[in-house]
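Undergrad: Provided herewith is a single structure, encoded as structure tokens, for subsequent inquiry.
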Amino acid sequence: MFWSVALITSFLLSSHAWANKEQMTLGDKISVFSDKAYRKNNGTYFEAVGNVVIISGDDTIYGEVASLDQQTMEVKIEGNVRLIGKDMTLFGSHLVYDLKTQKAFVRNARILNSQFNLVASSLQKLSEDEYLATDAEFTTCKDCIESWSIFGKSIRIKTDSFVEIKHGLARIKGINVLYLPYIVLPVMSKRKSGLLFPRISSRLNEGLSFEQPVFWAIDESKDMTFSPTFWAKRGYGGDYQYRQRFNDRNWTEVNVRALSDKIYLPGKDSQEESGKEYFRYFGEMETHLQASPNVNSHFRYTGAKDLDVVADHPTFTDPKIMGSDIGFNGHLDWRQEQFSLAAEANFLRNQLFSESDKFDKSYVQTMPRVTGSLMPQTLLQTDIPMLSHISVGLDTASTRFRQEKKDESVMIRNADRHTIRPYLQWNYFAAGPFSMKSNFTYDHHLYRLEYEKTGMAGKNAGLLKTELSFYMDKIFGLSYEENVPLRLIPEAKLNALGKEQKGLVPIRREKKDNRLIGDIPTFESSLIRENYVQVRNSYRHAQEFKLIHHFITSENQYGNKRFLNQIQQTQMGWFDYEDAVRSQEFLFGADTTRTLIPPTNTAELQWRNNIVRKVPKTFSYLTDDRYLRDNFTYKKIAHFNVSQGYLLNQQEREDIRERLTRLMIETGFFGDRWSTNLVHYYFHNENQNIMKLDFNRRFDYMNLYASYNYVSFSSSNLNVLRFGGQVRPTDTLGFSMMKDMDLNAGNSVRTTYGLDIMPNNNCWIFSLNYRESITDSRYSFNILFNFGDDTFSKYRNEYFAKRRL
């Protein structure tokens with residue numbers, strides 16, 4: 001009886017197991033599981049029914065019914081089909097899968113991927129990372145598929161690379177807005193040739209402009225973008241960009257805009273069509289070549305058909321113009337341990353010229369300038385007071401100045417200048433907080449005047465600077481990290497720390513009470529943080545008092561009297577600031593030279609303050625498995641400096657205030673949320689001011705910025721205010737504004753407004769800008785789509801990190 005019961009029980013268990021799951025294995029990499037299975041045609045045909053799971057290499061296929069032909073190794077699966085691959089998951093109603101090649105065909109397909117979504121009437125898996133869809137709709141939106149999408153007759157997907165769409169329709173909220181015959185979208189960071197999204201802008205009284213960029217990824221190291229553009233009333237043209245990176249240190253880039261303008265003619269200031277087409281262009285070429293760490297070169301060229309193109313196309317030209325001129329700039333330098341050599345050349349076109357299509361031939365060119373420097377060489381180093389350290393060095397330069405229009409009747413503008421500047425550095429002693437040193441420089445300039453009878457001129461000066469300083473500092477606190485057990489922290493303080501310290505979850509013990517569902521189980525002690533990381537910073541306040549004596553030991557001028565008068569009477573006679581006679585350099589010239597201490601016989605008192613914060617670096621054994629003893633970061637958070645000069649050789653000035661030279665006050669604070677910096681020069685005798693103030697303040701939802709520049713001297717009067725800010729009241733909206741004002745003229749130079757719409761679906765960003773200046777007003781907008789690259793995420797997540805305007 002016992003054996004009968006055991007036999008019947010065994011039979012029932014085995015039958016139940018077979019009914020629950022059938023298994024078939026083909027080789028080492030193919031397995032089939034199902035609730036039921038049938039074999040036909042002598043076992044060559046296999047059919048599985050119910051909860052079918054097929055494992056083939058890296059692919060796993062799920063379905064309700066599957067049939068396998070072992071002769072063709074082709075699987076057909078029906079009902080709630082899923083194919084889970086290495087990088088994505090396919091859903092469909094019908095799937096044909098080749099077990100040998102792992103290719104697949106899916107009807108009514110849908111792809112779910114971390115980067116995008118795709119729905120297609122049919123889809124082919126061509127390889128592990130390539131898919132081809134027919135009558136498909138593509139979008140990068142996750143939460144709101146109808147936010148935007150592109151429908152295409154044919155969509156080719158290269159995972160971790162690009163999406164190629166043919167005969168596409170761009171849809172927003174399900175409405176067709178734009179036909180795209182061919183477009184390539186990046187899925188990750190790899191570049192791919194194709195159409196980029198068009199850009200549209202509007203300029204008052206000129207209509208809309210439409211730009212369609214075409215991108216060509218030539219190879220891994222170079223690419224090209226050509227952007228045909230229609231500028232409404234102005235006509236047709238386009239932009240061209242070429243970029244190439246030879247290696248990590250060498251690269252080149254070309255940017256050109258060209259158009260046939262129906263409105264513009266030189267000298268014409270109306271917006272009416274001229275009846276002619278005037279060809280205009282603006283181009284930039286820049287290259288950097290570094291043969292070795294010691295040899296560097298950089299070349300840049302900017303050129304234009306007419307100078308008015310800068311005002312007519314500011315969005316293109318403003319980032320490419322760095323001053324009041326355009327043209328060629330080149331630089332080459334060779335650096336060694338003991339010396340360095342460099343050469344530079346400029347051939348520039350003056351933008352401040354009345355005839356926009358002409359070249360200012362009176363503009364002085366620098367072609368070339370060759371410089372050389374000898375690093376300080378130690379002559380003596382002892383422990384004897386007054387002979388602590390003595391070293392010498394040398395700086396030299398040769399510069400050629402040339403004017404294409406050789407008119408020497410007003411000013412001499414063609415000359416070769418040779419400069420030699422040897423110097424001696426003498427450190428007398430360093431005793432505790434006191435130290436004393438001197439620097440003597442012999443500054444000699446020799447000029448060769450090409451078109452003068454007396455073809456030589458020269459000037460020299462001996463500059464002695466002696467400095468006595470007193471230094472002291474004090475350190476507040478100790479910088480360290482400490483792990484404090486949570487059980488030692490009071491509960492009230494622990495809850496407050498939990499709100500401030502990211503990632504800290506205070507322990508809360510829930511009271512047992514009657515709940516609808518039940519009590520929340522407590523976590524194991526090993527799954528929660530047991531320690532609180534307490535970070536302590538230290539601060540260092542350093543003060544330095546300096547008494548500096550500036551003295552000219554000798555000064556001499558010789559040679560051509562006309563040229564010497566030219567460089568002494570006004571700064572207009574200089575080629576650059578080096579032409580100034582050293583004893584008169586501070587009296588006139590640019591703002592930089594005005595702020596200098598008179599070097600004749602002047603005492604200067606300096607008081608310098610710096611506050612530095614020392615923070616322990618975050619350390620993780622999982623990152624580098626190493627620990628440095630000096631594992632800290634340092635940041636200057638505040639400074640306050642004062643400098644005042646006093647003339648010692650002006651005995652005729654009885655009032656002490658008349659002997660005071662410029663007063664300099666410089667201060668600033670740099671915090672995590674706000675920063676401010678002020679530089680102010682006050683000139684006692686002239687009662688004039690030079691001031692620059694910068695301010696930046698961050699809030700949770702707002703960023704404010706302002707700068708103010710003021711120069712009261714009549715020769716370079718300046719009174720300019722720039723202010724603006726960014727506001728993000730919600731996650732979906734961002735507003736920005738920047739305004740430049742000339743307070744002397746009482747008008748606005750430029751005002752720019754911006755609006756960014758950033759939906760929570762994290763799919764796209766709409767950016768709208770309005771720019772109004774003295775010369776024009778313009779609207780522009782751009783749509784950024786989320787293709788998984790860093791550009792989109794930084795624009796949205798780091799909204800205040802970069803000013804939008």
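Chain labels run A, B, ... following the order of the structure tokens; each chain numbers its residues from 1, and ligands are numbered from 1 in the order shown.
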Within 9 Å of A:Tyr682, counting only C-alpha atoms, which residues qualify if same-chain residues fewer than 6 places away don't, as a ChimeraX atom specification?
TA: /A:661-665,688-691
Undergrad: Excluding A:Thr382 and any residue of its chain fewer than 2 positions from it, enumerate the residues within 12 Å of it, using only C-alpha atoms, and give them as number ranges by chain.
TA: A: 378-380, 384-390, 426-430
Undergrad: Contacts of A:Ser260 at 9 Å or less, counting only C-alpha atoms, minus same-chain residues fewer than 6 places along, as a PyMOL selection string?
TA: chain A and resi 234-237+277-281
Undergrad: Could you please take those selected residues and save C-alpha atoms as a compact mmCIF listing (two decimals), in the first residue's frame?
TA:
# COMPACT_ATOMS: atom_id res chain seq x y z
CA ARG A 234 18.23 91.89 -46.73
CA GLY A 235 18.48 88.79 -48.88
CA TYR A 236 20.26 85.46 -48.92
CA GLY A 237 23.53 84.31 -47.43
CA GLU A 277 22.88 93.66 -54.00
CA TYR A 278 25.99 94.53 -51.98
CA PHE A 279 28.17 91.55 -51.06
CA ARG A 280 29.20 91.63 -47.39
CA TYR A 281 31.16 89.26 -45.18
Undergrad: Name the residues in contact with stretch 694-711 of chain A at a cut-off of 6 Å, using only C-alpha atoms, excluding same-chain residues fewer than 6 positions from it; report them as an NGL selection string.
TA: :A and (673-677 or 717-729)
Undergrad: Store the residues picked out above in a file with all heavy atoms, as a short mmCIF file (atom, residue, chain, number, x, y, z; two decimals), in the first residue's frame.
TA:
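Result saved to again_35.cif:
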data_model
loop_
_atom_site.label_atom_id
_atom_site.label_comp_id
_atom_site.auth_asym_id
_atom_site.auth_seq_id
_atom_site.Cartn_x
_atom_site.Cartn_y
_atom_site.Cartn_z
N ARG A 673 27.50 82.77 -1.67
CA ARG A 673 26.28 83.28 -2.25
C ARG A 673 26.41 84.67 -2.87
O ARG A 673 25.58 85.07 -3.68
CB ARG A 673 25.19 83.32 -1.18
CG ARG A 673 24.61 81.95 -0.86
CD ARG A 673 23.64 81.55 -1.93
NE ARG A 673 22.77 80.46 -1.50
CZ ARG A 673 21.65 80.16 -2.12
NH1 ARG A 673 21.26 80.85 -3.16
NH2 ARG A 673 20.92 79.15 -1.72
N TRP A 674 27.41 85.42 -2.47
CA TRP A 674 27.54 86.76 -3.03
C TRP A 674 29.00 87.19 -3.03
O TRP A 674 29.84 86.66 -2.30
CB TRP A 674 26.67 87.76 -2.27
CG TRP A 674 27.07 87.99 -0.84
CD1 TRP A 674 26.88 87.17 0.23
CD2 TRP A 674 27.75 89.15 -0.33
NE1 TRP A 674 27.38 87.73 1.37
CE2 TRP A 674 27.91 88.96 1.06
CE3 TRP A 674 28.21 90.33 -0.90
CZ2 TRP A 674 28.52 89.90 1.87
CZ3 TRP A 674 28.82 91.28 -0.09
CH2 TRP A 674 28.97 91.05 1.29
N SER A 675 29.30 88.14 -3.89
CA SER A 675 30.65 88.66 -4.02
C SER A 675 30.57 90.12 -4.41
O SER A 675 29.63 90.56 -5.08
CB SER A 675 31.45 87.86 -5.06
OG SER A 675 30.89 88.03 -6.35
N THR A 676 31.56 90.88 -3.99
CA THR A 676 31.66 92.28 -4.36
C THR A 676 33.13 92.67 -4.42
O THR A 676 33.96 92.11 -3.70
CB THR A 676 30.91 93.17 -3.35
OG1 THR A 676 30.99 94.54 -3.76
CG2 THR A 676 31.50 93.03 -1.96
N ASN A 677 33.45 93.60 -5.31
CA ASN A 677 34.83 94.03 -5.47
C ASN A 677 34.83 95.51 -5.85
O ASN A 677 34.07 95.94 -6.72
CB ASN A 677 35.53 93.21 -6.56
CG ASN A 677 37.01 93.51 -6.62
OD1 ASN A 677 37.73 93.23 -5.67
ND2 ASN A 677 37.47 94.07 -7.72
N ASN A 717 36.64 110.59 -20.08
CA ASN A 717 35.46 110.58 -19.22
C ASN A 717 34.62 109.33 -19.46
O ASN A 717 34.33 108.96 -20.59
CB ASN A 717 34.64 111.85 -19.46
CG ASN A 717 33.51 111.98 -18.45
OD1 ASN A 717 32.39 111.65 -18.73
ND2 ASN A 717 33.86 112.47 -17.27
N LEU A 718 34.23 108.69 -18.36
CA LEU A 718 33.45 107.47 -18.45
C LEU A 718 32.51 107.40 -17.26
O LEU A 718 32.91 107.65 -16.12
CB LEU A 718 34.38 106.24 -18.47
CG LEU A 718 33.73 104.87 -18.65
CD1 LEU A 718 33.12 104.75 -20.03
CD2 LEU A 718 34.74 103.77 -18.42
N ASN A 719 31.25 107.06 -17.54
CA ASN A 719 30.25 106.92 -16.48
C ASN A 719 29.22 105.90 -16.95
O ASN A 719 28.19 106.25 -17.51
CB ASN A 719 29.60 108.26 -16.18
CG ASN A 719 28.83 108.25 -14.87
OD1 ASN A 719 28.89 107.28 -14.11
ND2 ASN A 719 28.10 109.31 -14.60
N VAL A 720 29.53 104.63 -16.74
CA VAL A 720 28.77 103.53 -17.33
C VAL A 720 28.27 102.62 -16.21
O VAL A 720 29.02 102.26 -15.30
CB VAL A 720 29.62 102.74 -18.33
CG1 VAL A 720 28.84 101.55 -18.86
CG2 VAL A 720 30.07 103.63 -19.48
N LEU A 721 27.02 102.25 -16.30
CA LEU A 721 26.39 101.33 -15.36
C LEU A 721 25.86 100.13 -16.12
O LEU A 721 25.17 100.29 -17.14
CB LEU A 721 25.26 102.00 -14.60
CG LEU A 721 24.42 101.10 -13.67
CD1 LEU A 721 25.27 100.56 -12.53
CD2 LEU A 721 23.22 101.87 -13.13
N ARG A 722 26.15 98.95 -15.63
CA ARG A 722 25.62 97.73 -16.19
C ARG A 722 24.98 96.92 -15.07
O ARG A 722 25.62 96.65 -14.04
CB ARG A 722 26.72 96.90 -16.86
CG ARG A 722 26.18 95.70 -17.62
CD ARG A 722 27.27 94.89 -18.28
NE ARG A 722 26.73 94.01 -19.30
CZ ARG A 722 27.40 93.01 -19.86
NH1 ARG A 722 28.66 92.76 -19.51
NH2 ARG A 722 26.85 92.26 -20.78
N PHE A 723 23.75 96.53 -15.26
CA PHE A 723 23.06 95.78 -14.22
C PHE A 723 22.07 94.81 -14.86
O PHE A 723 21.63 94.99 -16.00
CB PHE A 723 22.34 96.72 -13.24
CG PHE A 723 21.24 97.53 -13.87
CD1 PHE A 723 19.92 97.09 -13.86
CD2 PHE A 723 21.52 98.73 -14.49
CE1 PHE A 723 18.92 97.83 -14.44
CE2 PHE A 723 20.52 99.49 -15.07
CZ PHE A 723 19.20 99.04 -15.05
N GLY A 724 21.72 93.81 -14.10
CA GLY A 724 20.77 92.82 -14.60
C GLY A 724 20.61 91.70 -13.60
O GLY A 724 21.14 91.74 -12.48
N GLY A 725 19.88 90.69 -14.03
CA GLY A 725 19.66 89.57 -13.14
C GLY A 725 18.92 88.44 -13.82
O GLY A 725 18.47 88.55 -14.97
N GLN A 726 18.83 87.36 -13.08
CA GLN A 726 18.10 86.17 -13.53
C GLN A 726 17.14 85.77 -12.42
O GLN A 726 17.51 85.75 -11.24
CB GLN A 726 19.06 85.02 -13.81
CG GLN A 726 20.08 85.30 -14.90
CD GLN A 726 21.21 84.29 -14.87
OE1 GLN A 726 22.27 84.54 -14.32
NE2 GLN A 726 20.99 83.14 -15.47
N VAL A 727 15.93 85.46 -12.81
CA VAL A 727 14.90 85.04 -11.86
C VAL A 727 14.31 83.73 -12.36
O VAL A 727 13.98 83.60 -13.55
CB VAL A 727 13.78 86.11 -11.72
CG1 VAL A 727 12.75 85.65 -10.71
CG2 VAL A 727 14.38 87.44 -11.32
N ARG A 728 14.17 82.78 -11.44
CA ARG A 728 13.55 81.50 -11.77
C ARG A 728 12.48 81.22 -10.72
O ARG A 728 12.72 80.50 -9.74
CB ARG A 728 14.59 80.39 -11.80
CG ARG A 728 14.07 79.10 -12.45
CD ARG A 728 15.18 78.07 -12.58
NE ARG A 728 14.71 76.87 -13.25
CZ ARG A 728 15.48 75.80 -13.47
NH1 ARG A 728 16.74 75.80 -13.10
NH2 ARG A 728 14.97 74.76 -14.10
N PRO A 729 11.27 81.80 -10.89
CA PRO A 729 10.23 81.62 -9.86
C PRO A 729 9.75 80.19 -9.74
O PRO A 729 9.33 79.77 -8.66
CB PRO A 729 9.11 82.56 -10.35
CG PRO A 729 9.34 82.69 -11.82
CD PRO A 729 10.82 82.61 -12.02
#
Undergrad: Counting only C-alpha atoms, what is within 10 Å of A:Thr89, bar same-chain residues fewer than 4 positions away, as JSON, numbers by chain?
TA: {"A": [59, 60, 61, 82, 83, 84, 85, 110, 111, 112, 113, 114]}
Undergrad: If you run DSSP over the backbone, which residues in stretch 660-797 of chain A end up alpha helix (DSSP H)? Put them as a list in words.
TA: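 Selection result, alpha helix (DSSP H) within stretch 660-797 of chain A: Asp790, Thr791, Phe792, Ser793, Lys794, Tyr795, Arg796 and Asn797 of chain A.
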Undergrad: How would the residues just picked look written out with all heavy atoms as a PDB file, in the first residue's frame?
TA:
ATOM      1  N   ASP A 790      25.502  67.028 -22.253  1.00  0.00           N
ATOM      2  CA  ASP A 790      25.706  67.888 -21.097  1.00  0.00           C
ATOM      3  C   ASP A 790      25.138  69.282 -21.305  1.00  0.00           C
ATOM      4  O   ASP A 790      24.815  69.967 -20.335  1.00  0.00           O
ATOM      5  CB  ASP A 790      27.207  67.990 -20.781  1.00  0.00           C
ATOM      6  CG  ASP A 790      27.784  66.678 -20.295  1.00  0.00           C
ATOM      7  OD1 ASP A 790      26.998  65.856 -19.793  1.00  0.00           O
ATOM      8  OD2 ASP A 790      29.006  66.481 -20.427  1.00  0.00           O
ATOM      9  N   THR A 791      25.033  69.737 -22.553  1.00  0.00           N
ATOM     10  CA  THR A 791      24.565  71.092 -22.814  1.00  0.00           C
ATOM     11  C   THR A 791      23.171  71.318 -22.245  1.00  0.00           C
ATOM     12  O   THR A 791      22.901  72.321 -21.589  1.00  0.00           O
ATOM     13  CB  THR A 791      24.572  71.367 -24.323  1.00  0.00           C
ATOM     14  OG1 THR A 791      25.888  71.149 -24.827  1.00  0.00           O
ATOM     15  CG2 THR A 791      24.144  72.786 -24.613  1.00  0.00           C
ATOM     16  N   PHE A 792      22.280  70.386 -22.489  1.00  0.00           N
ATOM     17  CA  PHE A 792      20.905  70.524 -22.013  1.00  0.00           C
ATOM     18  C   PHE A 792      20.850  70.475 -20.486  1.00  0.00           C
ATOM     19  O   PHE A 792      20.193  71.303 -19.851  1.00  0.00           O
ATOM     20  CB  PHE A 792      20.038  69.427 -22.626  1.00  0.00           C
ATOM     21  CG  PHE A 792      18.578  69.564 -22.304  1.00  0.00           C
ATOM     22  CD1 PHE A 792      17.747  70.263 -23.148  1.00  0.00           C
ATOM     23  CD2 PHE A 792      18.054  68.993 -21.155  1.00  0.00           C
ATOM     24  CE1 PHE A 792      16.395  70.393 -22.852  1.00  0.00           C
ATOM     25  CE2 PHE A 792      16.715  69.127 -20.859  1.00  0.00           C
ATOM     26  CZ  PHE A 792      15.878  69.827 -21.708  1.00  0.00           C
ATOM     27  N   SER A 793      21.514  69.523 -19.881  1.00  0.00           N
ATOM     28  CA  SER A 793      21.430  69.364 -18.430  1.00  0.00           C
ATOM     29  C   SER A 793      22.035  70.565 -17.709  1.00  0.00           C
ATOM     30  O   SER A 793      21.504  71.005 -16.686  1.00  0.00           O
ATOM     31  CB  SER A 793      22.141  68.074 -18.002  1.00  0.00           C
ATOM     32  OG  SER A 793      23.505  68.109 -18.363  1.00  0.00           O
ATOM     33  N   LYS A 794      23.127  71.121 -18.223  1.00  0.00           N
ATOM     34  CA  LYS A 794      23.729  72.281 -17.578  1.00  0.00           C
ATOM     35  C   LYS A 794      22.841  73.510 -17.727  1.00  0.00           C
ATOM     36  O   LYS A 794      22.744  74.333 -16.812  1.00  0.00           O
ATOM     37  CB  LYS A 794      25.110  72.551 -18.193  1.00  0.00           C
ATOM     38  CG  LYS A 794      26.171  71.548 -17.778  1.00  0.00           C
ATOM     39  CD  LYS A 794      27.512  71.901 -18.371  1.00  0.00           C
ATOM     40  CE  LYS A 794      28.571  70.910 -17.923  1.00  0.00           C
ATOM     41  NZ  LYS A 794      29.907  71.218 -18.487  1.00  0.00           N
ATOM     42  N   TYR A 795      22.223  73.657 -18.894  1.00  0.00           N
ATOM     43  CA  TYR A 795      21.347  74.812 -19.107  1.00  0.00           C
ATOM     44  C   TYR A 795      20.195  74.800 -18.112  1.00  0.00           C
ATOM     45  O   TYR A 795      19.807  75.846 -17.581  1.00  0.00           O
ATOM     46  CB  TYR A 795      20.800  74.787 -20.539  1.00  0.00           C
ATOM     47  CG  TYR A 795      20.200  76.094 -20.993  1.00  0.00           C
ATOM     48  CD1 TYR A 795      20.903  76.943 -21.829  1.00  0.00           C
ATOM     49  CD2 TYR A 795      18.930  76.479 -20.596  1.00  0.00           C
ATOM     50  CE1 TYR A 795      20.363  78.146 -22.256  1.00  0.00           C
ATOM     51  CE2 TYR A 795      18.376  77.677 -21.016  1.00  0.00           C
ATOM     52  CZ  TYR A 795      19.096  78.504 -21.847  1.00  0.00           C
ATOM     53  OH  TYR A 795      18.557  79.690 -22.268  1.00  0.00           O
ATOM     54  N   ARG A 796      19.663  73.621 -17.842  1.00  0.00           N
ATOM     55  CA  ARG A 796      18.497  73.528 -16.964  1.00  0.00           C
ATOM     56  C   ARG A 796      18.895  73.450 -15.491  1.00  0.00           C
ATOM     57  O   ARG A 796      18.368  74.194 -14.659  1.00  0.00           O
ATOM     58  CB  ARG A 796      17.665  72.305 -17.345  1.00  0.00           C
ATOM     59  CG  ARG A 796      16.462  72.078 -16.458  1.00  0.00           C
ATOM     60  CD  ARG A 796      15.718  70.823 -16.843  1.00  0.00           C
ATOM     61  NE  ARG A 796      14.625  70.593 -15.921  1.00  0.00           N
ATOM     62  CZ  ARG A 796      13.412  71.117 -16.064  1.00  0.00           C
ATOM     63  NH1 ARG A 796      13.164  71.889 -17.095  1.00  0.00           N
ATOM     64  NH2 ARG A 796      12.465  70.866 -15.184  1.00  0.00           N
ATOM     65  N   ASN A 797      19.806  72.575 -15.154  1.00  0.00           N
ATOM     66  CA  ASN A 797      20.131  72.302 -13.752  1.00  0.00           C
ATOM     67  C   ASN A 797      21.063  73.343 -13.155  1.00  0.00           C
ATOM     68  O   ASN A 797      21.086  73.516 -11.937  1.00  0.00           O
ATOM     69  CB  ASN A 797      20.747  70.909 -13.616  1.00  0.00           C
ATOM     70  CG  ASN A 797      19.808  69.825 -14.089  1.00  0.00           C
ATOM     71  OD1 ASN A 797      18.594  69.957 -14.010  1.00  0.00           O
ATOM     72  ND2 ASN A 797      20.365  68.743 -14.604  1.00  0.00           N
TER      73      ASN A 797
END
Undergrad: Hey, which of A:Ser31, A:Ser583, A:Gln569, A:Thr752 ends up closest to A:Lys459? Count only C-alpha atoms.
TA: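 Smallest distance to A:Lys459 is found for A:Ser583.
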Undergrad: Could you make a table, as CSV, of the residues of stretch 351-394 of chain A that have an atom within 7 Å of an atom of stretch 298-310 of chain A, each with its nearest atom pair and distance in Å to one decimal, counting only C-alpha atoms, in chain and number order?
TA:
residue,atom,partner,partner_atom,distance
A:Gln351,CA,A:Leu307,CA,6.3
A:Ser356,CA,A:Leu307,CA,4.8
A:Asp357,CA,A:Asp306,CA,4.6
Undergrad: Quick one: pick out all strand (DSSP E) residues within stretch 203-382 of chain A from a backbone DSSP run and write them as a VMD selection string.
TA: chain A and resid 203 207 to 211 214 to 219 222 to 230 236 to 245 251 to 261 278 to 292 295 to 304 325 to 335 339 to 350 364 to 381
Undergrad: Of the candidates A:Tyr242, A:Phe632, A:Phe328, A:Tyr539, which one gets nearest to A:Gly477 if we count only C-alpha atoms?
TA: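 Between A:Tyr242, A:Phe632, A:Phe328, A:Tyr539, the residue approaching A:Gly477 most closely is A:Tyr539.
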Undergrad: If you count only C-alpha atoms, which residues fall within 6 Å of stretch 43-48 of chain A, apart from same-chain ones fewer than 5 positions away, as a JSON list (two decimals) with all heavy atoms, in the first residue's frame?
TA:
[["chain", "number", "residue", "atom", "x", "y", "z"],
["A", 34, "SER", "N", 8.92, 27.53, -20.96],
["A", 34, "SER", "CA", 7.50, 27.79, -21.20],
["A", 34, "SER", "C", 6.66, 26.92, -20.29],
["A", 34, "SER", "O", 7.16, 25.97, -19.66],
["A", 34, "SER", "CB", 7.14, 27.54, -22.66],
["A", 34, "SER", "OG", 7.34, 26.17, -23.00],
["A", 36, "LYS", "N", 4.05, 25.05, -21.48],
["A", 36, "LYS", "CA", 3.85, 23.83, -22.24],
["A", 36, "LYS", "C", 4.70, 23.89, -23.49],
["A", 36, "LYS", "O", 5.00, 24.96, -24.01],
["A", 36, "LYS", "CB", 2.38, 23.64, -22.61],
["A", 36, "LYS", "CG", 1.45, 23.43, -21.42],
["A", 36, "LYS", "CD", 0.02, 23.25, -21.86],
["A", 36, "LYS", "CE", -0.89, 23.04, -20.66],
["A", 36, "LYS", "NZ", -2.30, 22.84, -21.07],
["A", 37, "ALA", "N", 5.04, 22.71, -24.03],
["A", 37, "ALA", "CA", 5.87, 22.65, -25.23],
["A", 37, "ALA", "C", 5.48, 21.44, -26.06],
["A", 37, "ALA", "O", 5.09, 20.39, -25.52],
["A", 37, "ALA", "CB", 7.34, 22.60, -24.87],
["A", 38, "TYR", "N", 5.59, 21.57, -27.37],
["A", 38, "TYR", "CA", 5.28, 20.49, -28.30],
["A", 38, "TYR", "C", 6.38, 20.41, -29.36],
["A", 38, "TYR", "O", 6.95, 21.43, -29.76],
["A", 38, "TYR", "CB", 3.93, 20.75, -28.98],
["A", 38, "TYR", "CG", 2.80, 21.01, -28.02],
["A", 38, "TYR", "CD1", 2.45, 22.31, -27.69],
["A", 38, "TYR", "CD2", 2.08, 19.96, -27.46],
["A", 38, "TYR", "CE1", 1.41, 22.56, -26.81],
["A", 38, "TYR", "CE2", 1.04, 20.19, -26.58],
["A", 38, "TYR", "CZ", 0.71, 21.50, -26.25],
["A", 38, "TYR", "OH", -0.31, 21.75, -25.37],
["A", 65, "VAL", "N", 3.18, 32.91, -27.04],
["A", 65, "VAL", "CA", 3.31, 31.74, -27.90],
["A", 65, "VAL", "C", 4.55, 31.92, -28.76],
["A", 65, "VAL", "O", 4.80, 33.00, -29.30],
["A", 65, "VAL", "CB", 2.07, 31.56, -28.80],
["A", 65, "VAL", "CG1", 2.25, 30.35, -29.72],
["A", 65, "VAL", "CG2", 0.81, 31.41, -27.96],
["A", 66, "ALA", "N", 5.34, 30.84, -28.91],
["A", 66, "ALA", "CA", 6.55, 30.89, -29.72],
["A", 66, "ALA", "C", 6.69, 29.61, -30.50],
["A", 66, "ALA", "O", 6.35, 28.52, -30.01],
["A", 66, "ALA", "CB", 7.78, 31.10, -28.84],
["A", 67, "SER", "N", 7.17, 29.72, -31.73],
["A", 67, "SER", "CA", 7.46, 28.55, -32.56],
["A", 67, "SER", "C", 8.88, 28.66, -33.08],
["A", 67, "SER", "O", 9.33, 29.74, -33.49],
["A", 67, "SER", "CB", 6.47, 28.47, -33.72],
["A", 67, "SER", "OG", 6.54, 29.63, -34.52],
["A", 68, "LEU", "N", 9.61, 27.54, -33.06],
["A", 68, "LEU", "CA", 11.01, 27.51, -33.44],
["A", 68, "LEU", "C", 11.23, 26.44, -34.48],
["A", 68, "LEU", "O", 10.85, 25.28, -34.29],
["A", 68, "LEU", "CB", 11.89, 27.23, -32.21],
["A", 68, "LEU", "CG", 13.35, 26.86, -32.47],
["A", 68, "LEU", "CD1", 14.09, 28.01, -33.16],
["A", 68, "LEU", "CD2", 14.05, 26.49, -31.15],
["A", 69, "ASP", "N", 11.83, 26.85, -35.60],
["A", 69, "ASP", "CA", 12.23, 25.92, -36.65],
["A", 69, "ASP", "C", 13.73, 25.73, -36.54],
["A", 69, "ASP", "O", 14.51, 26.67, -36.81],
["A", 69, "ASP", "CB", 11.86, 26.49, -38.02],
["A", 69, "ASP", "CG", 12.04, 25.45, -39.13],
["A", 69, "ASP", "OD1", 12.80, 24.50, -38.93],
["A", 69, "ASP", "OD2", 11.44, 25.64, -40.21],
["A", 70, "GLN", "N", 14.18, 24.53, -36.13],
["A", 70, "GLN", "CA", 15.59, 24.31, -35.89],
["A", 70, "GLN", "C", 16.40, 24.26, -37.18],
["A", 70, "GLN", "O", 17.62, 24.39, -37.16],
["A", 70, "GLN", "CB", 15.79, 23.00, -35.11],
["A", 70, "GLN", "CG", 15.21, 23.05, -33.71],
["A", 70, "GLN", "CD", 15.63, 21.84, -32.88],
["A", 70, "GLN", "OE1", 16.80, 21.43, -32.94],
["A", 70, "GLN", "NE2", 14.69, 21.26, -32.14]]
Undergrad: Could you list, as a compact mmCIF listing (two decimals) with C-alpha atoms, in the first residue's frame, every residue within 8 Å of A:Pro213, counting only C-alpha atoms and ignoring same-chain residues fewer than 5 positions away?
TA:
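Output file selection.txt is given in full below:
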# COMPACT_ATOMS: atom_id res chain seq x y z
CA LEU A 195 20.60 68.68 -40.52
CA LEU A 196 20.57 70.52 -37.20
CA PHE A 197 17.51 72.27 -35.85
CA PRO A 198 16.79 75.58 -37.63
CA THR A 225 28.80 73.39 -40.45
CA PHE A 226 27.18 75.26 -43.32
CA SER A 227 24.08 77.33 -42.51
CA PRO A 228 22.14 78.74 -45.48
